[in-house]
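Structure, as structure tokens:
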Amino acid sequence: MIRYVATKLWQSALTLALATVVVFIGVRMLPGDPALAMAGEDASPAQLEAMREQLGLNASMPVQFLTFLGNLLRGDLGTSTRTGTPVAELIATTLPVTLWLSAYAIVVAVVVGILFGVIAERFRGRWPEWFTNGFALIGLSVPNFWLGILAILYLAVTLGWFPASGYVDVLSDPLRGLYYLTLPAVILGTSLAAVIMRQTRASMIETMSTDYVRTAKAKGLSGGRVLMRYGLRNSLIVVVTIVGLQLGGLISGAVVTERIFALPGFGKLTLDAVFTRDYPVIEAVVLVITLSYIVINLSVDILYSVINPRIRIGGSN
Amino acid sequence: MPQDVKINENNSTQRSEQPLLEVRDLEVSFGDGPVLHGVNFTLKRGERVAIVGQSGSGKSTTVGAILGLLPGNGRVSAGSMTLDGQDLGAASEQQLRQIRGHRIGLVPQDPMSNLNPVMKVGAQIADALAANGHHGRDNIRQRAVALMTEAGIPDAARRYNQFPHEFSGGMRQRVLIAISLAGEPDLLIADEPTSALDVTVQRQILDHLQTLVDARGTSLLFITHDLGLAADRTDRIIVMADGRIVEVGTPEEILFRPQQDYTRQLVAAAPSLLATVSGTETVALEAVEPVAGTDTILEVRGLVKEFSLRSQGGTFRAVDNVSFSVARGTTTAVVGESGSGKTTVARIILGLEQATSGEALIDGKSITSSTGQVRRALRRKVQPVFQDPYGSLDPTYSIERLIDEPLRVFKVGDAASRRARVALLLDQVALPRNVAQRRPNELSGGQRQRVAIARALALEPEMLICDEAVSALDVLVQDQILDLLAELQDGLGLSYLFITHDLAVVRQIAHQVVVMKSGMVVEDGSVEKVFMAPEADYTKELLGAIPGAAFAR
């Protein structure tokens, strides 16, 4: 197990290093000039040149890269070319918003998805299954920006149940904080819930017809116990794998959702940075996203081995 | 769901004489068509009854109906089942839950698939105890450990906390037996409880199960495809075919005075009954006299195969200094239980595995040390037929494509000649030519195995390596395939290396036999000699474990 994690960590470091290079080059290949964006459309050539000098854009690419890398290794993410704020500070203020939103969305998606999946399996061929299948179809096919707009229109504006936008720090005021995040989290979690529901349903159908479930019934166990300890427990192995693969999509979803609900999160920071060609911020943001992908995948691998004892022991046949 | 309430009421008045289980005119349907037709039988207290039949005969469906656990859309469409006067067909799910485990215990068929892989075995036994009225964590744990010990699991207290994948097949079956006895049932249904296990393990487990059942006075309903096993273990045998009861009788009646043709066929084909028949039964032996006894097609010399163990380091010797030879036109069987290394030997000869040392010579040329063209030519001479006719045929290919695959690989002939060759091969394995355009899933297990044989014959090999080639088949089908192999040997002068765990099959088809255990050859010689005068203790043990010995005359 330790060796396994060590290997994974080494692979992760490699991925991160590659991502650094790709991001650095990718950002500079974007059309547009950060100096122009900073100095404004009607700046004189001399002003532009000065701005480039100030931003360190006049040096050759390799030199720029080495400077960037050196700073990065010292833990210095640079300063935003747009606002002059240290990038680390920008990330520190915006990342928690996104993390709370994503975590909330995952909880909603897992609870709704597994519940609906189990319902769909239990009531095959009857209306609860049609209902949950319909939910999954909508969740997968309707884009969440549109769902978000509808939710704001009806649930927030017309009915007034939820705030239409805004953010309250969850740590300083948990109740209000979660209340403000509920609508965005539900919208963000919808497609994930749909995927989880379908996966749970499919793997429940499979496990509930296995021999060991039949044997469990033959022991005289109650239906609930058979369902939870024999059916669901085994189904979750597949579900966790799929969820792990889907979590990446959650991050890009968060960018859009934050935009709609005007949340001061990581997504907003990303978009603003891209529009203004704020190289240091873009680079830092992409690195953080890469890092989060890696962390998510690593956690899923570990969680997987916790659920599935055959992997936990390792190397058994 | 019609129920026969009258029987229920009548019987409850005369409790002492009534049978424990009474099945009357039972009909079970899946969708529209019934698959069980008017099944009638009774089981008295303390009685042991076997239901014998091939796959699809309805024996497992009968069990499912009794337990109220029919798969999919199966339902009891007519007739009744009463347990001690209680109508099982009319019982609610709630009532059935009281009956399952508590009144009727089930020992299921496949120990590999019947335990929850993500739950500790102890917890799975504890579950059954809790469902049957045991209370208290410590109390349940103690009882579970006692049950495991009783079922013959050593070091039960420690193994309580292990997961199923840490148990061997035999040990898992013992866990399942412990589970089935947890509720101290009046009736134990054992559904092919040992078909997946090696013979010696099978015998230990059945002996043990019998002791437990006898000690408790539990009635036993024993489901099996093996007549010999049924005769050994029960008082009465019910023979089923196509969802009907064909014949009922004591083991002696069924084996020595079968009334129905079908039963007679079964008795004739039962390999375990043939295996112990002495000198008189030599059909297979006479059929193929060694064509040219001195000409050796295959020679294995000092073969060793070591696997390195990743977890502990070090190596594991799967094959240990194995030597034997096969004369052209004859059949040599390699017998052993799982883990004996017999399949690894076959894989090395086929060139699918590298030997650590030693060599295998085909027609005097070493396949283990050859490379390139020579190796290809040698591989052409030796073709495999594998165990699982379901897994070894690509389901997306047509039969024609499957059979002419080797011809394509070796670029033999053109499309037209290959097509003609396939038709010829289908004739040889006695399949109609029109199966060529079908897919494997449209064929039965026996037909698929014929396809596998046709494919193996496509390159006109000199030798077939049959790795458990008939183990997955029903006895009657198994018999037919063995006949086919014998005919092909006569006609084409083929040599066979027959890898099997089934001594009975050896007796039927082989001339020479090599007995393997733990990677080593413990005995070899002619079938006659090994069966009549076994020298090694292990061989004696194997022979003794064949069921039905008492009935073979």
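Please note that chains go A, B, ... in the order of the structure tokens, that every chain numbers its residues from 1, and that ligands are numbered from 1 in the order shown.
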
Taking only C-alpha atoms into account, which residues of chain B are within 8 Å of chain A, as a compact mmCIF listing (two decimals) with all heavy atoms, in the first residue's frame?
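New file result25.txt:
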```
# COMPACT_ATOMS: atom_id res chain seq x y z
N LEU B 67 -37.72 -22.38 -2.10
CA LEU B 67 -37.23 -21.29 -1.26
C LEU B 67 -37.90 -19.96 -1.57
O LEU B 67 -37.64 -18.96 -0.91
CB LEU B 67 -35.71 -21.14 -1.43
CG LEU B 67 -34.84 -22.20 -0.77
CD1 LEU B 67 -33.44 -22.12 -1.31
CD2 LEU B 67 -34.85 -22.02 0.74
N LEU B 69 -37.23 -18.27 -4.19
CA LEU B 69 -36.14 -17.45 -4.72
C LEU B 69 -35.91 -17.75 -6.20
O LEU B 69 -34.79 -17.94 -6.63
CB LEU B 69 -34.85 -17.71 -3.94
CG LEU B 69 -34.79 -17.22 -2.50
CD1 LEU B 69 -33.49 -17.65 -1.84
CD2 LEU B 69 -34.95 -15.72 -2.43
N PRO B 71 -35.29 -16.98 -9.95
CA PRO B 71 -34.67 -15.81 -10.57
C PRO B 71 -35.60 -15.13 -11.56
O PRO B 71 -36.52 -15.76 -12.12
CB PRO B 71 -33.46 -16.42 -11.31
CG PRO B 71 -33.86 -17.83 -11.57
CD PRO B 71 -34.77 -18.24 -10.45
N LEU B 96 -41.90 -16.23 4.49
CA LEU B 96 -40.80 -16.95 3.83
C LEU B 96 -39.48 -16.65 4.50
O LEU B 96 -38.61 -17.51 4.62
CB LEU B 96 -40.73 -16.56 2.35
CG LEU B 96 -41.70 -17.28 1.42
CD1 LEU B 96 -41.62 -16.71 0.02
CD2 LEU B 96 -41.40 -18.77 1.39
N ARG B 97 -39.34 -15.39 4.95
CA ARG B 97 -38.10 -15.00 5.60
C ARG B 97 -37.89 -15.81 6.88
O ARG B 97 -36.77 -16.12 7.26
CB ARG B 97 -38.15 -13.51 5.91
CG ARG B 97 -36.84 -12.83 5.70
CD ARG B 97 -36.99 -11.34 5.85
NE ARG B 97 -37.50 -10.72 4.65
CZ ARG B 97 -38.23 -9.60 4.67
NH1 ARG B 97 -38.57 -9.03 5.81
NH2 ARG B 97 -38.64 -9.08 3.55
N GLN B 98 -39.00 -16.15 7.56
CA GLN B 98 -38.91 -16.97 8.77
C GLN B 98 -38.50 -18.40 8.41
O GLN B 98 -37.86 -19.10 9.20
CB GLN B 98 -40.27 -17.02 9.48
CG GLN B 98 -40.77 -15.68 9.94
CD GLN B 98 -39.89 -15.09 11.01
OE1 GLN B 98 -39.49 -15.79 11.93
NE2 GLN B 98 -39.56 -13.82 10.87
N ILE B 99 -38.94 -18.82 7.22
CA ILE B 99 -38.67 -20.21 6.80
C ILE B 99 -37.23 -20.37 6.31
O ILE B 99 -36.53 -21.31 6.67
CB ILE B 99 -39.68 -20.63 5.72
CG1 ILE B 99 -41.07 -20.74 6.33
CG2 ILE B 99 -39.26 -21.94 5.07
CD1 ILE B 99 -42.19 -20.82 5.33
N ARG B 100 -36.80 -19.40 5.48
CA ARG B 100 -35.45 -19.48 4.93
C ARG B 100 -34.42 -19.38 6.05
O ARG B 100 -34.52 -18.52 6.91
CB ARG B 100 -35.19 -18.32 3.97
CG ARG B 100 -36.00 -18.38 2.71
CD ARG B 100 -35.61 -17.21 1.81
NE ARG B 100 -36.68 -16.94 0.86
CZ ARG B 100 -37.13 -15.73 0.58
NH1 ARG B 100 -36.61 -14.67 1.17
NH2 ARG B 100 -38.10 -15.57 -0.30
N GLY B 101 -33.45 -20.23 5.99
CA GLY B 101 -32.41 -20.19 7.01
C GLY B 101 -32.83 -20.93 8.25
O GLY B 101 -32.11 -21.77 8.76
N HIS B 102 -34.05 -20.66 8.72
CA HIS B 102 -34.50 -21.24 9.98
C HIS B 102 -35.09 -22.64 9.79
O HIS B 102 -34.79 -23.56 10.55
CB HIS B 102 -35.53 -20.32 10.61
CG HIS B 102 -35.86 -20.69 12.01
ND1 HIS B 102 -34.88 -20.89 12.97
CD2 HIS B 102 -37.04 -20.93 12.63
CE1 HIS B 102 -35.46 -21.23 14.11
NE2 HIS B 102 -36.75 -21.28 13.93
N GLY B 105 -32.34 -24.71 5.14
CA GLY B 105 -31.02 -24.14 4.89
C GLY B 105 -30.57 -24.46 3.49
O GLY B 105 -30.97 -25.48 2.92
N LEU B 106 -29.75 -23.59 2.91
CA LEU B 106 -29.29 -23.82 1.55
C LEU B 106 -27.76 -23.83 1.50
O LEU B 106 -27.11 -22.90 1.97
CB LEU B 106 -29.82 -22.73 0.61
CG LEU B 106 -29.26 -22.74 -0.82
CD1 LEU B 106 -29.82 -23.91 -1.62
CD2 LEU B 106 -29.55 -21.43 -1.54
N PRO B 108 -25.29 -23.53 -1.35
CA PRO B 108 -25.34 -23.27 -2.78
C PRO B 108 -24.19 -23.90 -3.54
O PRO B 108 -23.28 -24.47 -2.94
CB PRO B 108 -25.27 -21.74 -2.86
CG PRO B 108 -24.56 -21.34 -1.62
CD PRO B 108 -24.82 -22.39 -0.58
N SER B 113 -18.71 -17.80 -5.88
CA SER B 113 -19.60 -16.67 -6.16
C SER B 113 -20.67 -16.48 -5.10
O SER B 113 -21.47 -15.58 -5.20
CB SER B 113 -20.26 -16.85 -7.53
OG SER B 113 -21.10 -17.98 -7.50
N ASN B 114 -20.69 -17.34 -4.09
CA ASN B 114 -21.80 -17.26 -3.15
C ASN B 114 -21.51 -16.54 -1.84
O ASN B 114 -22.35 -16.47 -0.97
CB ASN B 114 -22.37 -18.64 -2.86
CG ASN B 114 -23.41 -19.03 -3.91
OD1 ASN B 114 -24.50 -18.45 -3.93
ND2 ASN B 114 -23.07 -19.93 -4.80
N LEU B 115 -20.28 -16.02 -1.72
CA LEU B 115 -19.97 -15.22 -0.54
C LEU B 115 -19.78 -13.78 -0.98
O LEU B 115 -19.20 -13.51 -2.04
CB LEU B 115 -18.71 -15.75 0.14
CG LEU B 115 -18.88 -17.07 0.89
CD1 LEU B 115 -17.53 -17.64 1.29
CD2 LEU B 115 -19.77 -16.89 2.11
N ASN B 116 -20.27 -12.87 -0.17
CA ASN B 116 -20.13 -11.44 -0.46
C ASN B 116 -18.65 -11.07 -0.39
O ASN B 116 -18.03 -11.19 0.66
CB ASN B 116 -20.93 -10.66 0.59
CG ASN B 116 -20.93 -9.17 0.31
OD1 ASN B 116 -20.17 -8.68 -0.52
ND2 ASN B 116 -21.78 -8.45 1.01
N PRO B 117 -18.07 -10.64 -1.52
CA PRO B 117 -16.62 -10.42 -1.54
C PRO B 117 -16.14 -9.28 -0.66
O PRO B 117 -14.96 -9.22 -0.33
CB PRO B 117 -16.33 -10.12 -3.02
CG PRO B 117 -17.62 -9.69 -3.60
CD PRO B 117 -18.68 -10.41 -2.83
N VAL B 118 -17.02 -8.36 -0.29
CA VAL B 118 -16.55 -7.21 0.47
C VAL B 118 -16.90 -7.30 1.96
O VAL B 118 -16.85 -6.33 2.68
CB VAL B 118 -17.10 -5.89 -0.10
CG1 VAL B 118 -16.67 -5.71 -1.54
CG2 VAL B 118 -18.61 -5.81 0.04
N ASP B 127 -24.51 -12.70 10.32
CA ASP B 127 -25.74 -12.24 9.69
C ASP B 127 -26.84 -13.29 9.75
O ASP B 127 -27.98 -13.01 10.09
CB ASP B 127 -25.45 -11.96 8.22
CG ASP B 127 -25.54 -10.48 7.92
OD1 ASP B 127 -25.72 -9.71 8.87
OD2 ASP B 127 -25.42 -10.12 6.74
N ALA B 128 -26.44 -14.51 9.39
CA ALA B 128 -27.41 -15.61 9.37
C ALA B 128 -27.89 -15.92 10.78
O ALA B 128 -29.07 -16.20 10.99
CB ALA B 128 -26.77 -16.85 8.74
N ALA B 131 -30.30 -13.21 11.94
CA ALA B 131 -31.59 -13.34 11.27
C ALA B 131 -32.40 -14.50 11.86
O ALA B 131 -33.60 -14.59 11.67
CB ALA B 131 -31.39 -13.55 9.77
N ASN B 132 -31.72 -15.38 12.57
CA ASN B 132 -32.42 -16.54 13.12
C ASN B 132 -32.52 -16.49 14.64
O ASN B 132 -32.44 -17.52 15.31
CB ASN B 132 -31.76 -17.82 12.64
CG ASN B 132 -32.09 -18.09 11.19
OD1 ASN B 132 -33.24 -18.40 10.86
ND2 ASN B 132 -31.12 -17.93 10.32
N PHE B 163 -11.44 -12.11 4.74
CA PHE B 163 -12.38 -11.94 3.64
C PHE B 163 -12.42 -13.21 2.78
O PHE B 163 -11.46 -13.99 2.80
CB PHE B 163 -11.96 -10.75 2.78
CG PHE B 163 -12.24 -9.43 3.43
CD1 PHE B 163 -11.26 -8.76 4.14
CD2 PHE B 163 -13.51 -8.87 3.35
CE1 PHE B 163 -11.53 -7.55 4.75
CE2 PHE B 163 -13.78 -7.66 3.96
CZ PHE B 163 -12.80 -6.99 4.66
N HIS B 165 -11.82 -13.84 -0.25
CA HIS B 165 -10.73 -14.13 -1.19
C HIS B 165 -9.50 -14.69 -0.50
O HIS B 165 -8.56 -15.13 -1.16
CB HIS B 165 -10.37 -12.88 -1.99
CG HIS B 165 -9.74 -11.79 -1.17
ND1 HIS B 165 -10.47 -10.74 -0.66
CD2 HIS B 165 -8.48 -11.60 -0.77
CE1 HIS B 165 -9.67 -9.96 0.03
NE2 HIS B 165 -8.46 -10.44 -0.03
N GLU B 166 -9.49 -14.69 0.82
CA GLU B 166 -8.37 -15.28 1.54
C GLU B 166 -8.62 -16.77 1.84
O GLU B 166 -7.82 -17.41 2.52
CB GLU B 166 -8.10 -14.51 2.84
CG GLU B 166 -7.73 -13.06 2.58
CD GLU B 166 -7.70 -12.22 3.85
OE1 GLU B 166 -6.78 -12.41 4.63
OE2 GLU B 166 -8.61 -11.40 4.06
N ILE B 179 -22.94 -21.38 7.31
CA ILE B 179 -24.07 -20.45 7.15
C ILE B 179 -25.38 -21.22 7.07
O ILE B 179 -26.37 -20.88 7.72
CB ILE B 179 -23.88 -19.58 5.89
CG1 ILE B 179 -22.75 -18.57 6.13
CG2 ILE B 179 -25.17 -18.87 5.51
CD1 ILE B 179 -22.38 -17.76 4.91
N SER B 180 -25.37 -22.30 6.29
CA SER B 180 -26.62 -23.02 6.07
C SER B 180 -27.11 -23.69 7.34
O SER B 180 -28.31 -23.91 7.52
CB SER B 180 -26.44 -24.06 4.97
OG SER B 180 -25.64 -25.12 5.46
N GLY B 183 -29.09 -21.56 11.24
CA GLY B 183 -30.46 -21.47 11.74
C GLY B 183 -31.01 -22.82 12.19
O GLY B 183 -32.20 -22.95 12.43
N ARG B 310 5.55 -12.05 -6.08
CA ARG B 310 5.77 -10.62 -5.96
C ARG B 310 5.68 -10.16 -4.50
O ARG B 310 6.45 -9.32 -4.05
CB ARG B 310 4.76 -9.85 -6.80
CG ARG B 310 5.38 -8.61 -7.40
CD ARG B 310 4.36 -7.80 -8.15
NE ARG B 310 3.57 -8.62 -9.08
CZ ARG B 310 2.46 -8.19 -9.65
NH1 ARG B 310 1.99 -6.99 -9.39
NH2 ARG B 310 1.78 -8.94 -10.48
N SER B 311 4.75 -10.75 -3.76
CA SER B 311 4.53 -10.23 -2.41
C SER B 311 5.65 -10.60 -1.44
O SER B 311 6.19 -9.75 -0.75
CB SER B 311 3.18 -10.73 -1.88
OG SER B 311 3.03 -12.09 -2.16
```

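Once Gly84 in chain A and its same-chain neighbours fewer than 6 positions away are set aside, A:Met38, A:Gln54, A:Leu55, A:Gly78, A:Leu90, A:Asp278, A:Pro280, A:Val281 remain within 12 Å of it when counting only C-alpha atoms.
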
Could you pull out the residues in range 367-521 of chain B that DSSP calls alpha helix (DSSP H) from the backbone, as a ChimeraX atom specification? /B:372-381,399-409,415-428,445-457,475-492,503-509

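When the distance limit is 8 Å and only C-alpha atoms are what count, the residues near range 480-485 of chain B, minus those fewer than 5 positions from it on the same chain, are B:Val429, B:Gly446, B:Gln449, B:Arg450, B:Val470, B:Gln508, B:Ile509.
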
Go through A:Thr276, A:Glu258, A:Tyr104, A:Ile294 and flag the residue nearest Asp33 in chain A, using only C-alpha atoms for the distances.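 Between A:Thr276, A:Glu258, A:Tyr104, A:Ile294, the residue approaching Asp33 in chain A most closely is A:Thr276.
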
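A straight line drawn from CA of Lys365 in chain B to CA of Arg301 in chain B is 12.2 Å long.
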
Selection: 8 Å around Val195 in chain A, only C-alpha atoms, excl. self and same-chain fewer than 6 positions, as a PyMOL selection string: chain A and resi 113+136+140+243

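Among the candidates B:Asp537, B:Glu247, B:Asp235, B:Glu150, the one nearest to Asn40 in chain B when counting only C-alpha atoms is B:Glu247.
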
Selected residue, from B:Thr234, B:Gln512, B:Gln109, B:Thr500, that lies nearest to Lys342 in chain B when counting only C-alpha atoms: B:Thr500

Coordinates-based distance that separates CA of Val286 in chain A from CA of Ser60 in chain A (Å, one decimal):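 Between CA of Ser60 in chain A and CA of Val286 in chain A the gap works out to 22.4 Å.
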
Taking 4 positions as the minimum chain separation for residues in the same chain, which residues sit within 6 Å of Leu303 in chain B when counting only C-alpha atoms? Answer as a ChimeraX atom specification. /B:321-322,357-359

Might you pull out every residue within 9 Å of Phe68 in chain A, with only C-alpha atoms counted and same-chain residues fewer than 3 positions away left off, and present them as an mmCIF file with all heavy atoms, in the first residue's frame?
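Produced file result_9.cif, reproduced below:
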```
data_model
loop_
_atom_site.group_PDB
_atom_site.id
_atom_site.type_symbol
_atom_site.label_atom_id
_atom_site.label_comp_id
_atom_site.auth_asym_id
_atom_site.auth_seq_id
_atom_site.Cartn_x
_atom_site.Cartn_y
_atom_site.Cartn_z
ATOM 1 N N PHE A 24 2.732 27.098 -19.511
ATOM 2 C CA PHE A 24 3.584 28.249 -19.803
ATOM 3 C C PHE A 24 3.567 28.570 -21.303
ATOM 4 O O PHE A 24 3.370 29.705 -21.717
ATOM 5 C CB PHE A 24 5.021 27.969 -19.349
ATOM 6 C CG PHE A 24 5.941 29.111 -19.552
ATOM 7 C CD1 PHE A 24 6.017 30.126 -18.602
ATOM 8 C CD2 PHE A 24 6.709 29.213 -20.705
ATOM 9 C CE1 PHE A 24 6.852 31.202 -18.803
ATOM 10 C CE2 PHE A 24 7.543 30.291 -20.908
ATOM 11 C CZ PHE A 24 7.615 31.293 -19.949
ATOM 12 N N VAL A 63 14.293 32.175 -21.071
ATOM 13 C CA VAL A 63 14.609 32.963 -19.881
ATOM 14 C C VAL A 63 13.349 33.204 -19.061
ATOM 15 O O VAL A 63 13.329 33.038 -17.833
ATOM 16 C CB VAL A 63 15.276 34.303 -20.277
ATOM 17 C CG1 VAL A 63 15.418 35.204 -19.045
ATOM 18 C CG2 VAL A 63 16.613 34.055 -20.921
ATOM 19 N N GLN A 64 12.261 33.572 -19.768
ATOM 20 C CA GLN A 64 10.989 33.791 -19.063
ATOM 21 C C GLN A 64 10.570 32.539 -18.289
ATOM 22 O O GLN A 64 10.119 32.600 -17.157
ATOM 23 C CB GLN A 64 9.884 34.130 -20.069
ATOM 24 C CG GLN A 64 9.953 35.535 -20.607
ATOM 25 C CD GLN A 64 8.714 35.873 -21.416
ATOM 26 O OE1 GLN A 64 7.616 35.518 -21.045
ATOM 27 N NE2 GLN A 64 8.906 36.571 -22.520
ATOM 28 N N PHE A 65 10.768 31.384 -18.972
ATOM 29 C CA PHE A 65 10.334 30.135 -18.346
ATOM 30 C C PHE A 65 11.151 29.838 -17.093
ATOM 31 O O PHE A 65 10.604 29.474 -16.051
ATOM 32 C CB PHE A 65 10.446 28.971 -19.330
ATOM 33 C CG PHE A 65 9.996 27.662 -18.746
ATOM 34 C CD1 PHE A 65 8.652 27.450 -18.440
ATOM 35 C CD2 PHE A 65 10.904 26.645 -18.465
ATOM 36 C CE1 PHE A 65 8.237 26.268 -17.884
ATOM 37 C CE2 PHE A 65 10.487 25.450 -17.900
ATOM 38 C CZ PHE A 65 9.151 25.264 -17.621
ATOM 39 N N ASN A 71 10.809 31.109 -9.588
ATOM 40 C CA ASN A 71 9.869 31.718 -8.648
ATOM 41 C C ASN A 71 8.919 30.679 -8.070
ATOM 42 O O ASN A 71 8.618 30.677 -6.882
ATOM 43 C CB ASN A 71 9.061 32.815 -9.338
ATOM 44 C CG ASN A 71 9.917 34.029 -9.640
ATOM 45 O OD1 ASN A 71 10.941 34.238 -8.989
ATOM 46 N ND2 ASN A 71 9.517 34.809 -10.639
ATOM 47 N N LEU A 72 8.464 29.803 -8.979
ATOM 48 C CA LEU A 72 7.490 28.786 -8.577
ATOM 49 C C LEU A 72 8.087 27.888 -7.487
ATOM 50 O O LEU A 72 7.436 27.614 -6.480
ATOM 51 C CB LEU A 72 7.114 27.941 -9.791
ATOM 52 C CG LEU A 72 5.888 27.065 -9.653
ATOM 53 C CD1 LEU A 72 4.656 27.921 -9.455
ATOM 54 C CD2 LEU A 72 5.724 26.187 -10.887
ATOM 55 N N LEU A 73 9.353 27.475 -7.708
ATOM 56 C CA LEU A 73 9.987 26.572 -6.755
ATOM 57 C C LEU A 73 10.221 27.257 -5.413
ATOM 58 O O LEU A 73 10.271 26.607 -4.382
ATOM 59 C CB LEU A 73 11.304 26.036 -7.331
ATOM 60 C CG LEU A 73 11.114 25.059 -8.490
ATOM 61 C CD1 LEU A 73 12.462 24.639 -9.070
ATOM 62 C CD2 LEU A 73 10.339 23.818 -8.030
ATOM 63 N N ASP A 76 6.817 31.332 -5.001
ATOM 64 C CA ASP A 76 6.321 32.643 -5.410
ATOM 65 C C ASP A 76 5.529 32.498 -6.708
ATOM 66 O O ASP A 76 6.078 32.170 -7.755
ATOM 67 C CB ASP A 76 7.522 33.577 -5.613
ATOM 68 C CG ASP A 76 7.073 34.963 -6.064
ATOM 69 O OD1 ASP A 76 5.849 35.206 -6.092
ATOM 70 O OD2 ASP A 76 7.960 35.774 -6.384
ATOM 71 N N LEU A 77 4.241 32.721 -6.631
ATOM 72 C CA LEU A 77 3.393 32.569 -7.816
ATOM 73 C C LEU A 77 3.327 33.855 -8.632
ATOM 74 O O LEU A 77 2.617 33.942 -9.612
ATOM 75 C CB LEU A 77 1.981 32.140 -7.400
ATOM 76 C CG LEU A 77 1.865 30.731 -6.797
ATOM 77 C CD1 LEU A 77 0.488 30.498 -6.232
ATOM 78 C CD2 LEU A 77 2.182 29.680 -7.839
ATOM 79 N N GLY A 78 4.021 34.862 -8.200
ATOM 80 C CA GLY A 78 4.034 36.117 -8.945
ATOM 81 C C GLY A 78 2.894 37.035 -8.537
ATOM 82 O O GLY A 78 2.129 36.749 -7.609
ATOM 83 N N PRO A 280 0.469 35.446 -15.160
ATOM 84 C CA PRO A 280 0.781 34.784 -13.873
ATOM 85 C C PRO A 280 -0.447 34.135 -13.255
ATOM 86 O O PRO A 280 -0.360 33.010 -12.724
ATOM 87 C CB PRO A 280 1.291 35.924 -12.991
ATOM 88 C CG PRO A 280 1.721 36.969 -13.946
ATOM 89 C CD PRO A 280 0.828 36.864 -15.143
#
```

Strand (DSSP E) call set, DSSP backbone run, range 338-390 of chain B, as number ranges by chain: B: 357-362, 365-366, 382-385

Neighbour list for range 133-145 of chain B as a list in words, cut-off 7 Å, only C-alpha atoms, skip fewer than 3 positions in-chain: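 So the residues in contact are Gly122, Ile125, Ala126, Leu129, Ala130, Met148, Thr149, Ala156, Ala157 and Tyr160 of chain B.
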
One number please: CA of Ser370 in chain B to CA of Leu352 in chain B, in Å, one decimal.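 Distance reported for this atom pair: 13.0 Å.
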